[in-house]
$ cat target10.csv   # CSV, C-alpha atoms (C1' of nucleotides)
chain,number,residue,atom,x,y,z
A,24,MET,CA,0.0,0.0,0.0
A,25,GLN,CA,1.1,3.5,-0.9
A,26,THR,CA,0.0,6.8,0.5
A,27,VAL,CA,0.8,9.9,-1.3
A,28,GLY,CA,0.0,13.3,0.0
A,29,PHE,CA,1.5,13.8,3.5
A,30,GLY,CA,5.2,13.9,4.1
A,31,GLN,CA,8.0,14.0,1.5
A,32,HIS,CA,8.2,12.3,-1.8
A,33,ASP,CA,10.0,12.6,-5.1
A,34,HIS,CA,7.7,15.1,-6.8
A,35,SER,CA,9.4,15.4,-10.1
A,36,ALA,CA,9.1,11.6,-10.4
A,37,CYS,CA,5.5,11.7,-9.5
A,38,MET,CA,4.8,14.4,-12.1
A,39,GLY,CA,6.7,12.6,-14.8
A,40,GLY,CA,5.1,9.3,-13.9
A,41,GLY,CA,1.6,10.8,-14.0
A,42,MET,CA,2.2,12.3,-17.5
A,43,LYS,CA,3.7,9.2,-18.8
A,44,ALA,CA,1.0,7.0,-17.5
A,45,ALA,CA,-1.6,9.2,-19.1
A,46,GLU,CA,0.2,9.3,-22.4
A,47,ASP,CA,0.6,5.5,-22.4
A,48,ALA,CA,-3.0,5.0,-21.6
A,49,CYS,CA,-4.2,7.3,-24.3
A,50,THR,CA,-2.0,5.7,-26.9
A,51,ALA,CA,-3.2,2.3,-25.8
A,52,GLN,CA,-6.8,3.2,-25.9
A,53,GLY,CA,-6.8,5.6,-28.8
A,54,LEU,CA,-7.7,8.6,-26.6
A,55,ARG,CA,-6.6,12.1,-27.5
A,56,LEU,CA,-4.5,13.9,-24.9
A,57,THR,CA,-5.0,17.2,-26.5
A,58,LYS,CA,-3.3,20.5,-25.5
A,59,GLY,CA,-5.8,21.6,-23.0
A,60,ARG,CA,-6.3,18.2,-21.4
A,61,ARG,CA,-2.6,17.8,-21.1
A,62,ARG,CA,-2.1,21.2,-19.6
A,63,VAL,CA,-4.8,20.6,-17.0
A,64,LEU,CA,-3.3,17.3,-16.0
A,65,GLU,CA,0.2,19.0,-15.8
A,66,ILE,CA,-1.3,21.7,-13.5
A,67,LEU,CA,-2.9,19.2,-11.2
A,68,LEU,CA,0.2,17.1,-11.0
A,69,GLN,CA,2.4,20.2,-10.4
A,70,GLU,CA,0.2,21.7,-7.7
A,71,HIS,CA,-0.3,18.3,-6.1
A,72,ARG,CA,-3.4,19.3,-4.3
A,73,ALA,CA,-7.1,19.4,-4.8
A,74,MET,CA,-8.0,22.4,-6.9
A,75,GLY,CA,-11.3,24.0,-7.8
A,76,ALA,CA,-12.3,24.1,-11.4
A,77,TYR,CA,-12.2,27.9,-11.4
A,78,ASP,CA,-8.7,27.9,-9.9
A,79,ILE,CA,-7.5,25.8,-12.8
A,80,LEU,CA,-9.5,27.9,-15.3
A,81,GLY,CA,-7.7,31.0,-13.9
A,82,LEU,CA,-4.3,29.5,-14.7
A,83,LEU,CA,-5.4,28.4,-18.1
A,84,SER,CA,-6.7,31.8,-19.1
A,85,ASP,CA,-3.5,33.4,-17.9
A,86,GLU,CA,-1.7,31.2,-20.4
A,87,GLY,CA,-3.9,32.2,-23.3
A,88,PHE,CA,-6.5,29.5,-23.2
A,89,ALA,CA,-10.1,30.6,-23.5
A,90,SER,CA,-11.6,31.6,-20.2
A,91,GLN,CA,-15.0,30.0,-20.3
A,92,PRO,CA,-16.0,27.3,-17.8
A,93,PRO,CA,-16.5,24.6,-20.4
A,94,VAL,CA,-12.8,24.7,-21.2
A,95,VAL,CA,-11.8,23.4,-17.9
A,96,TYR,CA,-14.9,21.2,-17.2
A,97,ARG,CA,-14.4,19.4,-20.5
A,98,ALA,CA,-10.8,18.7,-19.7
A,99,LEU,CA,-11.6,17.6,-16.2
A,100,ASP,CA,-14.4,15.3,-17.4
A,101,PHE,CA,-11.9,13.6,-19.7
A,102,LEU,CA,-9.3,13.2,-17.1
A,103,VAL,CA,-11.7,11.9,-14.5
A,104,ALA,CA,-13.5,9.6,-16.9
A,105,ASN,CA,-10.2,8.0,-17.8
A,106,GLY,CA,-8.8,7.8,-14.3
A,107,PHE,CA,-6.1,10.4,-14.6
A,108,ALA,CA,-7.7,12.6,-12.1
A,109,HIS,CA,-10.3,12.3,-9.4
A,110,LYS,CA,-13.0,14.6,-8.1
A,111,ILE,CA,-13.1,15.2,-4.4
A,112,GLN,CA,-16.8,15.5,-3.7
A,113,LYS,CA,-16.4,16.9,-0.3
A,114,LEU,CA,-14.4,19.9,-1.6
A,115,ASN,CA,-15.9,20.3,-5.1
A,116,ALA,CA,-12.3,20.0,-6.2
A,117,TYR,CA,-10.1,17.9,-8.5
A,118,ILE,CA,-6.8,16.2,-8.0
A,119,ALA,CA,-4.4,14.2,-10.1
A,120,CYS,CA,-4.5,10.5,-9.6
A,121,ALA,CA,-1.7,9.3,-7.4
A,122,HIS,CA,-1.8,5.8,-8.7
A,123,PRO,CA,-2.1,6.2,-12.5
A,124,GLY,CA,-2.3,3.0,-14.4
A,125,ASP,CA,-3.7,0.9,-11.5
A,126,SER,CA,-7.3,0.3,-11.7
A,127,HIS,CA,-8.4,1.1,-8.2
A,128,THR,CA,-11.0,2.4,-5.8
A,129,PRO,CA,-9.6,5.7,-4.6
A,130,VAL,CA,-9.8,6.4,-0.9
A,131,PHE,CA,-9.0,10.0,0.1
A,132,LEU,CA,-7.9,11.4,3.4
A,133,ILE,CA,-8.7,15.1,3.6
A,134,CYS,CA,-7.1,17.4,6.2
A,135,ARG,CA,-9.7,19.9,7.3
A,136,SER,CA,-7.0,22.2,8.4
A,137,CYS,CA,-4.5,22.4,5.5
A,138,LYS,CA,-6.8,20.9,2.9
A,139,THR,CA,-4.1,18.5,1.8
A,140,VAL,CA,-5.6,15.4,0.3
A,141,ALA,CA,-3.9,12.0,0.4
A,142,GLU,CA,-5.0,9.3,-1.9
A,143,THR,CA,-4.4,5.8,-0.5
A,144,ALA,CA,-4.7,2.5,-2.2
A,145,ALA,CA,-6.6,1.0,0.6
A,146,SER,CA,-9.2,-1.3,-0.7
A,147,LEU,CA,-12.7,-1.4,0.8
A,148,LYS,CA,-11.8,-4.7,2.3
A,149,SER,CA,-9.1,-3.4,4.4
A,150,THR,CA,-10.1,-1.1,7.2
A,151,LEU,CA,-9.8,2.6,6.5
A,152,GLY,CA,-9.1,3.2,10.2
A,153,GLU,CA,-5.9,1.1,10.0
A,154,VAL,CA,-4.7,3.0,7.0
A,155,ALA,CA,-5.2,6.3,8.7
A,156,ASP,CA,-3.6,5.1,11.9
A,157,LYS,CA,-0.5,4.0,10.1
A,158,ILE,CA,0.2,7.5,8.8
A,159,GLY,CA,-1.1,9.4,11.8
A,160,PHE,CA,-4.2,10.8,10.2
A,161,LYS,CA,-7.1,11.3,12.6
A,162,ILE,CA,-10.4,10.6,10.9
A,163,GLU,CA,-13.3,12.7,12.1
A,164,THR,CA,-16.0,12.0,9.5
A,165,THR,CA,-16.2,9.7,6.6
A,166,ILE,CA,-18.2,9.7,3.4
A,167,VAL,CA,-19.0,6.4,1.7
A,168,GLU,CA,-21.2,6.5,-1.3
A,169,ALA,CA,-21.5,3.8,-3.9
A,170,GLU,CA,-23.3,4.4,-7.2
A,171,GLY,CA,-24.7,1.6,-9.4
A,172,MET,CA,-27.9,-0.1,-10.2
A,173,CYS,CA,-30.6,-1.1,-7.7
A,174,PRO,CA,-32.3,-4.5,-8.0
A,175,THR,CA,-35.5,-2.9,-9.4
A,176,CYS,CA,-33.8,-1.0,-12.2
A,177,ARG,CA,-31.6,-4.0,-13.1
A,178,ALA,CA,-34.7,-6.1,-13.5
A,179,ALA,CA,-36.4,-3.5,-15.6
A,180,GLU,CA,-33.3,-3.2,-17.8
A,181,SER,CA,-32.8,-6.9,-18.6
A,182,PRO,CA,-36.1,-8.6,-18.5
A,183,ALA,CA,-35.8,-12.4,-17.9
B,14,MET,CA,-27.8,-4.9,9.5
B,15,GLN,CA,-30.6,-3.0,8.0
B,16,THR,CA,-31.0,-1.6,4.6
B,17,VAL,CA,-33.6,0.9,3.9
B,18,GLY,CA,-34.4,2.3,0.5
B,19,PHE,CA,-35.0,-0.5,-1.9
B,20,GLY,CA,-38.1,-2.7,-1.7
B,21,GLN,CA,-41.0,-2.5,0.6
B,22,HIS,CA,-41.1,-1.2,4.1
B,23,ASP,CA,-43.5,0.2,6.6
B,24,HIS,CA,-43.3,3.8,5.7
B,25,SER,CA,-45.6,5.3,8.2
B,26,ALA,CA,-43.5,3.6,10.9
B,27,CYS,CA,-40.3,4.9,9.4
B,28,MET,CA,-41.7,8.5,9.4
B,29,GLY,CA,-43.1,8.3,12.9
B,30,GLY,CA,-39.9,6.8,14.1
B,31,GLY,CA,-37.8,9.4,12.5
B,32,MET,CA,-39.7,12.3,14.0
B,33,LYS,CA,-39.8,10.7,17.4
B,34,ALA,CA,-36.1,10.0,17.4
B,35,ALA,CA,-35.4,13.6,16.5
B,36,GLU,CA,-37.8,14.9,19.1
B,37,ASP,CA,-36.2,12.7,21.8
B,38,ALA,CA,-32.7,13.7,20.8
B,39,CYS,CA,-33.6,17.4,20.9
B,40,THR,CA,-35.2,17.1,24.3
B,41,ALA,CA,-32.2,15.2,25.6
B,42,GLN,CA,-29.7,17.6,24.3
B,43,GLY,CA,-31.5,20.8,24.7
B,44,LEU,CA,-31.8,21.4,21.0
B,45,ARG,CA,-34.7,23.3,19.5
B,46,LEU,CA,-36.7,21.5,16.8
B,47,THR,CA,-38.3,24.6,15.6
B,48,LYS,CA,-41.2,24.8,13.1
B,49,GLY,CA,-39.0,25.1,10.0
B,50,ARG,CA,-36.6,22.5,11.1
B,51,ARG,CA,-39.4,20.1,11.9
B,52,ARG,CA,-41.1,20.7,8.6
B,53,VAL,CA,-37.9,20.1,6.6
B,54,LEU,CA,-37.4,16.8,8.5
B,55,GLU,CA,-41.0,15.8,7.9
B,56,ILE,CA,-40.6,16.5,4.2
B,57,LEU,CA,-37.4,14.4,3.9
B,58,LEU,CA,-39.0,11.6,5.8
B,59,GLN,CA,-42.2,11.8,3.7
B,60,GLU,CA,-40.5,11.9,0.4
B,61,HIS,CA,-38.0,9.2,1.4
B,62,ARG,CA,-35.5,10.1,-1.2
B,63,ALA,CA,-32.6,12.4,-1.7
B,64,MET,CA,-33.9,15.9,-2.3
B,65,GLY,CA,-32.1,19.1,-3.5
B,66,ALA,CA,-32.2,22.0,-1.2
B,67,TYR,CA,-34.1,24.0,-3.7
B,68,ASP,CA,-36.7,21.3,-4.1
B,69,ILE,CA,-37.4,21.5,-0.4
B,70,LEU,CA,-37.3,25.2,-0.5
B,71,GLY,CA,-40.0,25.1,-3.2
B,72,LEU,CA,-42.3,23.0,-0.9
B,73,LEU,CA,-41.6,25.3,2.0
B,74,SER,CA,-42.5,28.5,0.2
B,75,ASP,CA,-45.7,26.9,-1.1
B,76,GLU,CA,-46.6,26.4,2.5
B,77,GLY,CA,-46.0,30.0,3.5
B,78,PHE,CA,-42.5,29.9,4.7
B,79,ALA,CA,-40.1,32.5,3.4
B,80,SER,CA,-38.5,31.5,0.1
B,81,GLN,CA,-34.9,32.5,0.5
B,82,PRO,CA,-32.2,29.9,0.4
B,83,PRO,CA,-31.0,30.5,3.9
B,84,VAL,CA,-34.3,29.2,5.2
B,85,VAL,CA,-33.7,25.7,3.9
B,86,TYR,CA,-29.9,25.6,4.3
B,87,ARG,CA,-30.2,26.6,8.0
B,88,ALA,CA,-32.7,23.9,8.6
B,89,LEU,CA,-30.6,21.3,6.7
B,90,ASP,CA,-27.4,22.4,8.5
B,91,PHE,CA,-29.2,21.7,11.8
B,92,LEU,CA,-30.6,18.4,10.8
B,93,VAL,CA,-27.3,17.2,9.3
B,94,ALA,CA,-25.2,18.5,12.2
B,95,ASN,CA,-27.4,16.5,14.6
B,96,GLY,CA,-27.6,13.3,12.6
B,97,PHE,CA,-31.2,13.6,11.6
B,98,ALA,CA,-30.4,13.9,8.0
B,99,HIS,CA,-27.4,13.3,5.7
B,100,LYS,CA,-26.0,15.0,2.7
B,101,ILE,CA,-25.4,12.9,-0.4
B,102,GLN,CA,-22.3,14.5,-1.8
B,103,LYS,CA,-22.6,12.8,-5.1
B,104,LEU,CA,-26.0,14.3,-5.7
B,105,ASN,CA,-25.8,17.5,-3.8
B,106,ALA,CA,-28.9,16.4,-2.1
B,107,TYR,CA,-30.2,15.6,1.3
B,108,ILE,CA,-32.0,12.6,2.8
B,109,ALA,CA,-33.5,11.8,6.2
B,110,CYS,CA,-31.4,9.5,8.3
B,111,ALA,CA,-32.6,5.9,8.1
B,112,HIS,CA,-31.1,4.9,11.4
B,113,PRO,CA,-31.9,7.8,13.7
B,114,GLY,CA,-30.6,7.5,17.2
B,115,ASP,CA,-27.7,5.2,16.2
B,116,SER,CA,-24.4,6.8,16.0
B,117,HIS,CA,-23.1,5.4,12.8
B,118,THR,CA,-21.0,6.0,9.7
B,119,PRO,CA,-23.6,6.1,7.0
B,120,VAL,CA,-23.0,4.2,3.8
B,121,PHE,CA,-25.1,5.0,0.8
B,122,LEU,CA,-26.0,3.0,-2.2
B,123,ILE,CA,-27.2,5.3,-5.0
B,124,CYS,CA,-29.0,4.0,-8.1
B,125,ARG,CA,-27.9,5.9,-11.1
B,126,SER,CA,-31.1,5.0,-12.9
B,127,CYS,CA,-33.9,5.8,-10.5
B,128,LYS,CA,-31.8,7.9,-8.1
B,129,THR,CA,-33.1,6.0,-5.1
B,130,VAL,CA,-30.7,6.1,-2.2
B,131,ALA,CA,-30.4,3.3,0.3
B,132,GLU,CA,-28.7,3.9,3.6
B,133,THR,CA,-27.0,0.9,5.1
B,134,ALA,CA,-25.6,0.3,8.4
B,135,ALA,CA,-22.5,-1.4,7.0
B,136,SER,CA,-19.4,-0.5,8.9
B,137,LEU,CA,-16.2,0.3,7.2
B,138,LYS,CA,-14.9,-3.0,8.6
B,139,SER,CA,-17.4,-5.0,6.7
B,140,THR,CA,-17.2,-5.2,3.0
B,141,LEU,CA,-19.3,-2.9,1.1
B,142,GLY,CA,-19.4,-5.4,-1.7
B,143,GLU,CA,-21.0,-8.0,0.5
B,144,VAL,CA,-23.7,-5.6,1.6
B,145,ALA,CA,-24.5,-4.7,-2.0
B,146,ASP,CA,-24.6,-8.3,-3.1
B,147,LYS,CA,-27.0,-9.2,-0.4
B,148,ILE,CA,-29.6,-6.8,-1.6
B,149,GLY,CA,-28.8,-7.2,-5.3
B,150,PHE,CA,-27.3,-3.8,-5.8
B,151,LYS,CA,-24.6,-3.7,-8.5
B,152,ILE,CA,-21.9,-1.2,-7.6
B,153,GLU,CA,-20.2,0.6,-10.4
B,154,THR,CA,-18.3,3.4,-8.7
B,155,THR,CA,-17.6,4.2,-5.1
B,156,ILE,CA,-16.6,7.3,-3.3
B,157,VAL,CA,-14.7,7.0,-0.1
B,158,GLU,CA,-13.5,10.2,1.6
B,159,ALA,CA,-12.4,10.7,5.2
B,160,GLU,CA,-12.0,14.1,6.7
B,161,GLY,CA,-9.9,14.8,9.7
B,162,MET,CA,-6.5,16.1,10.7
B,163,CYS,CA,-3.3,15.2,9.0
B,164,PRO,CA,-0.2,14.4,11.1
B,165,THR,CA,1.4,17.8,10.4
B,166,CYS,CA,-1.6,19.8,11.4
B,167,ARG,CA,-2.1,17.7,14.5
B,168,ALA,CA,1.5,18.4,15.6
B,169,ALA,CA,1.1,22.1,14.9
B,170,GLU,CA,-2.1,22.2,16.9
B,171,SER,CA,-0.9,20.5,20.1
B,172,PRO,CA,2.9,21.2,20.4
B,173,ALA,CA,4.6,18.6,22.6
C,4,DG,C1',-38.3,43.3,32.4
C,5,DA,C1',-33.4,43.3,31.2
C,6,DT,C1',-29.8,40.2,29.4
C,7,DG,C1',-27.7,37.3,26.3
C,8,DA,C1',-27.9,33.3,23.3
C,9,DC,C1',-30.2,31.5,19.6
C,10,DT,C1',-33.2,31.8,15.6
C,11,DT,C1',-35.3,34.0,11.7
C,12,DG,C1',-36.0,37.6,8.0
C,13,DA,C1',-34.2,39.6,4.1
C,14,DT,C1',-30.9,41.2,0.5
C,15,DA,C1',-27.1,40.4,-1.9
C,16,DT,C1',-23.6,37.7,-3.8
C,17,DA,C1',-20.3,33.9,-4.3
C,18,DG,C1',-19.2,29.5,-6.1
C,19,DT,C1',-20.0,25.4,-9.1
C,20,DA,C1',-21.6,23.4,-13.4
C,21,DT,C1',-24.1,22.6,-17.7
C,22,DA,C1',-27.0,23.6,-22.1
C,23,DA,C1',-26.9,24.7,-26.7
C,24,DC,C1',-25.1,25.6,-31.0
C,25,DA,C1',-21.5,27.2,-34.2
C,26,DT,C1',-16.9,26.2,-35.8
C,27,DT,C1',-12.7,23.8,-36.3
C,28,DT,C1',-9.7,19.8,-36.2
C,29,DC,C1',-8.5,15.3,-37.0
C,30,DC,C1',-8.4,10.9,-39.0
C,31,DA,C1',-9.8,7.5,-42.0
C,32,DA,C1',-11.8,5.9,-46.2
C,33,DT,C1',-12.2,6.8,-50.7
D,10,DA,C1',-6.0,15.0,-52.2
D,11,DT,C1',-10.5,15.0,-51.2
D,12,DT,C1',-14.3,14.3,-48.5
D,13,DG,C1',-17.2,12.7,-44.8
D,14,DG,C1',-18.0,11.9,-40.1
D,15,DA,C1',-16.6,11.9,-35.4
D,16,DA,C1',-14.5,14.4,-31.9
D,17,DA,C1',-13.0,18.5,-29.8
D,18,DT,C1',-13.2,23.4,-29.1
D,19,DG,C1',-15.1,28.2,-29.1
D,20,DT,C1',-18.7,31.0,-27.3
D,21,DT,C1',-22.8,32.8,-25.1
D,22,DA,C1',-25.9,32.1,-21.9
D,23,DT,C1',-28.0,30.2,-18.0
D,24,DA,C1',-28.9,26.9,-14.3
D,25,DC,C1',-27.9,25.1,-10.0
D,26,DT,C1',-25.8,25.2,-5.2
D,27,DA,C1',-24.5,27.7,-1.2
D,28,DT,C1',-23.0,31.4,1.9
D,29,DA,C1',-22.1,36.3,3.8
D,30,DT,C1',-24.1,39.9,6.2
D,31,DC,C1',-26.8,42.6,9.1
D,32,DA,C1',-31.3,43.6,11.0
D,33,DA,C1',-35.1,41.9,13.8
D,34,DG,C1',-37.5,38.8,16.5
D,35,DT,C1',-37.9,34.9,20.1
D,36,DC,C1',-37.0,32.5,24.2
D,37,DA,C1',-35.1,31.1,28.7
D,38,DT,C1',-33.0,32.9,32.7
D,39,DC,C1',-31.6,36.2,36.0
$ encode --input "target10.csv" --output "structure tokens"
Amino acid sequence: MQTVGFGQHDHSACMGGGMKAAEDACTAQGLRLTKGRRRVLEILLQEHRAMGAYDILGLLSDEGFASQPPVVYRALDFLVANGFAHKIQKLNAYIACAHPGDSHTPVFLICRSCKTVAETAASLKSTLGEVADKIGFKIETTIVEAEGMCPTCRAAESPA
Amino acid sequence: MQTVGFGQHDHSACMGGGMKAAEDACTAQGLRLTKGRRRVLEILLQEHRAMGAYDILGLLSDEGFASQPPVVYRALDFLVANGFAHKIQKLNAYIACAHPGDSHTPVFLICRSCKTVAETAASLKSTLGEVADKIGFKIETTIVEAEGMCPTCRAAESPA
DNA sequence: GATGACTTGATATAGTATAACATTTCCAAT
DNA sequence: ATTGGAAATGTTATACTATATCAAGTCATC
């Protein structure tokens, strides 16, 4: 298990790795890592924290990109849909994936004081509490939400 | 373990129980379950689904309450803070607590088709997958976010 | 009936996200 | 090399979610 977000780490490696993972995945799947999408991912990797869409948009427009919300939301949608970034629901913010390439269920530890977000690779089968203990994070509240299909809708969708 | 939200249940009991639990808790803790707060909880219990703040506000203003957002957000803040309702981050919506009185970490199963939300009493130590399997819910994505204090901020707060 | 804590009223504004449609770019098939 | 279609982007407008602020009212207690 890895935990990224608190403490020291090799940030240039984590940036390069994030970009490379995204490039490779796009090549492999025929996805287009266009200029804007690439730049948003770079920003998220560089800042290494959860950022609001409008924070990112501000940086983009400083750099000559268009300054309308769809510019950033489209890039974020692409990055999130393909696992290169995640949305932190609690913060309405976005963060680069810390485990690119792995298919995983992200688990986030969010500090309410400094807003740092750590992404752990804890599975739902391990105990979140143990993960937190190990790195000295004190959990105060948790959000667990699973989205999918309820029995009724599944039955309606595929009639026997 | 109980799961409320999919399938049949005694809804009048679940409403009455929800109100009584809130009343008792308020009495016990010296909290004021005022007219507006009570009405919002009734609406949430009655509708028995996740509702947007502005949906609730619409009902309130139809009934003669003031129609400004703070009216409903204040009531929701109170209900959520005291465990009588929960916020579903994924939907930006609110739902009455299905296990009033218990102190618990709520776990929500959200149907992407019909938007029904089930609150289970699954603990983080049990496997979410098992809970879902048992009731025939097919999980597609999960959100796990824990908020608290990171090691750095804890150290800064209480210097040795 | 004065005090102070809590609650509500009311106005304004901040923050987050998407709809809709026109235009351009890219790639593949001819 | 052209062209046709899919994907991406530009652009305008708007919808949705939530909070700040300050004034006024309510309630329990002293």
$ residues_around --input "target10.csv" --residues "DC39 in chain D" --least-positions-apart "2" --cutoff "10 Å" --atoms "only C-alpha atoms (C1' of nucleotides)" --output "ChimeraX atom specification"
/C:5-6 /D:37
$ closest_atom_pairs --input "target10.csv" --of "chain C" --to "chain A" --cutoff "12 Å" --atoms "all atoms listed in the file" --output "JSON lines"
{"residue": "C:DG18", "atom": "C1'", "partner": "A:Tyr77", "partner_atom": "CA", "distance": 8.9}
{"residue": "C:DT19", "atom": "C1'", "partner": "A:Asn115", "partner_atom": "CA", "distance": 7.7}
{"residue": "C:DA20", "atom": "C1'", "partner": "A:Tyr96", "partner_atom": "CA", "distance": 8.0}
{"residue": "C:DT21", "atom": "C1'", "partner": "A:Pro93", "partner_atom": "CA", "distance": 8.3}
{"residue": "C:DA22", "atom": "C1'", "partner": "A:Pro93", "partner_atom": "CA", "distance": 10.7}
{"residue": "C:DT28", "atom": "C1'", "partner": "A:Thr57", "partner_atom": "CA", "distance": 11.1}
{"residue": "C:DC29", "atom": "C1'", "partner": "A:Arg55", "partner_atom": "CA", "distance": 10.2}
{"residue": "C:DC30", "atom": "C1'", "partner": "A:Gly53", "partner_atom": "CA", "distance": 11.6}
$ closest_residue --input "target10.csv" --among "B:Gly142, B:Gly77, B:Gly71, B:Gly30" --to "chain A" --atoms "only C-alpha atoms"
B:Gly142
$ closest_atom_pairs --input "target10.csv" --of "chain A" --to "chain D" --cutoff "9 Å" --atoms "only C-alpha atoms (C1' of nucleotides)" --output "Markdown table"
| residue | atom | partner | partner_atom | distance |
| --- | --- | --- | --- | --- |
| A:Thr57 | CA | D:DA17 | C1' | 8.8 |
| A:Ala89 | CA | D:DG19 | C1' | 7.9 |
| A:Gln91 | CA | D:DT20 | C1' | 8.0 |
| A:Val94 | CA | D:DT18 | C1' | 8.0 |
$ write_last_selection --input "target10.csv" --atoms "C-alpha atoms" --output "PDB file, keeping the file's coordinate frame"
ATOM      1  CA  THR A  57      -5.000  17.200 -26.500  1.00  0.00           C
ATOM      2  CA  ALA A  89     -10.100  30.600 -23.500  1.00  0.00           C
ATOM      3  CA  GLN A  91     -15.000  30.000 -20.300  1.00  0.00           C
ATOM      4  CA  VAL A  94     -12.800  24.700 -21.200  1.00  0.00           C
TER       5      VAL A  94
END
$ residues_around --input "target10.csv" --residues "Phe91 in chain B" --least-positions-apart "4" --cutoff "10 Å" --atoms "all atoms listed in the file" --output "list of chain:residue names"
B:Leu44, B:Arg45, B:Leu46, B:Arg50, B:Val85, B:Tyr86, B:Arg87, B:Asn95, B:Gly96, B:Phe97, B:Ala98
$ interface_residues --input "target10.csv" --of "chain B" --to "chain A" --cutoff "10 Å" --atoms "all atoms listed in the file" --output "PyMOL selection string"
chain B and resi 18-20+100-105+118-132+136-143+145-146+148-167+170
$ atom_distance --input "target10.csv" --atom1 "CA of Leu83 in chain A" --atom2 "CA of Gly53 in chain A"
25.2 Å
$ atom_distance --input "target10.csv" --atom1 "CA of Ile69 in chain B" --atom2 "C1' of DA8 in chain C"
28.1 Å
$ atom_distance --input "target10.csv" --atom1 "CA of Ile66 in chain A" --atom2 "CA of Ala119 in chain A"
8.8 Å
$ build_atoms --input "target10.csv" --residues "range 139-144 of chain A" --atoms "all heavy atoms" --output "CSV table (one decimal), in the frame of the given file"
chain,number,residue,atom,x,y,z
A,139,THR,N,-4.9,19.5,2.6
A,139,THR,CA,-4.1,18.5,1.8
A,139,THR,C,-4.9,17.2,1.7
A,139,THR,O,-5.7,16.8,2.6
A,139,THR,CB,-2.8,18.1,2.6
A,139,THR,OG1,-2.0,19.3,2.6
A,139,THR,CG2,-2.0,17.1,1.8
A,140,VAL,N,-4.8,16.6,0.5
A,140,VAL,CA,-5.6,15.4,0.3
A,140,VAL,C,-4.6,14.3,-0.1
A,140,VAL,O,-3.7,14.4,-0.9
A,140,VAL,CB,-6.5,15.6,-1.0
A,140,VAL,CG1,-7.2,14.2,-1.3
A,140,VAL,CG2,-7.6,16.6,-0.7
A,141,ALA,N,-4.7,13.2,0.7
A,141,ALA,CA,-3.9,12.0,0.4
A,141,ALA,C,-4.7,10.9,-0.3
A,141,ALA,O,-5.9,10.7,0.2
A,141,ALA,CB,-3.3,11.5,1.7
A,142,GLU,N,-4.2,10.4,-1.3
A,142,GLU,CA,-5.0,9.3,-1.9
A,142,GLU,C,-4.3,8.0,-1.5
A,142,GLU,O,-3.1,7.8,-1.7
A,142,GLU,CB,-4.9,9.4,-3.5
A,142,GLU,CG,-5.6,8.2,-4.1
A,142,GLU,CD,-5.6,8.3,-5.7
A,142,GLU,OE1,-5.2,9.3,-6.2
A,142,GLU,OE2,-6.1,7.3,-6.3
A,143,THR,N,-5.0,7.1,-0.9
A,143,THR,CA,-4.4,5.8,-0.5
A,143,THR,C,-4.9,4.7,-1.4
A,143,THR,O,-5.9,4.9,-2.1
A,143,THR,CB,-4.7,5.5,0.9
A,143,THR,OG1,-6.0,4.8,1.0
A,143,THR,CG2,-4.7,6.7,1.8
A,144,ALA,N,-4.2,3.6,-1.4
A,144,ALA,CA,-4.7,2.5,-2.2
A,144,ALA,C,-5.4,1.5,-1.4
A,144,ALA,O,-5.7,0.4,-1.8
A,144,ALA,CB,-3.5,1.8,-2.9
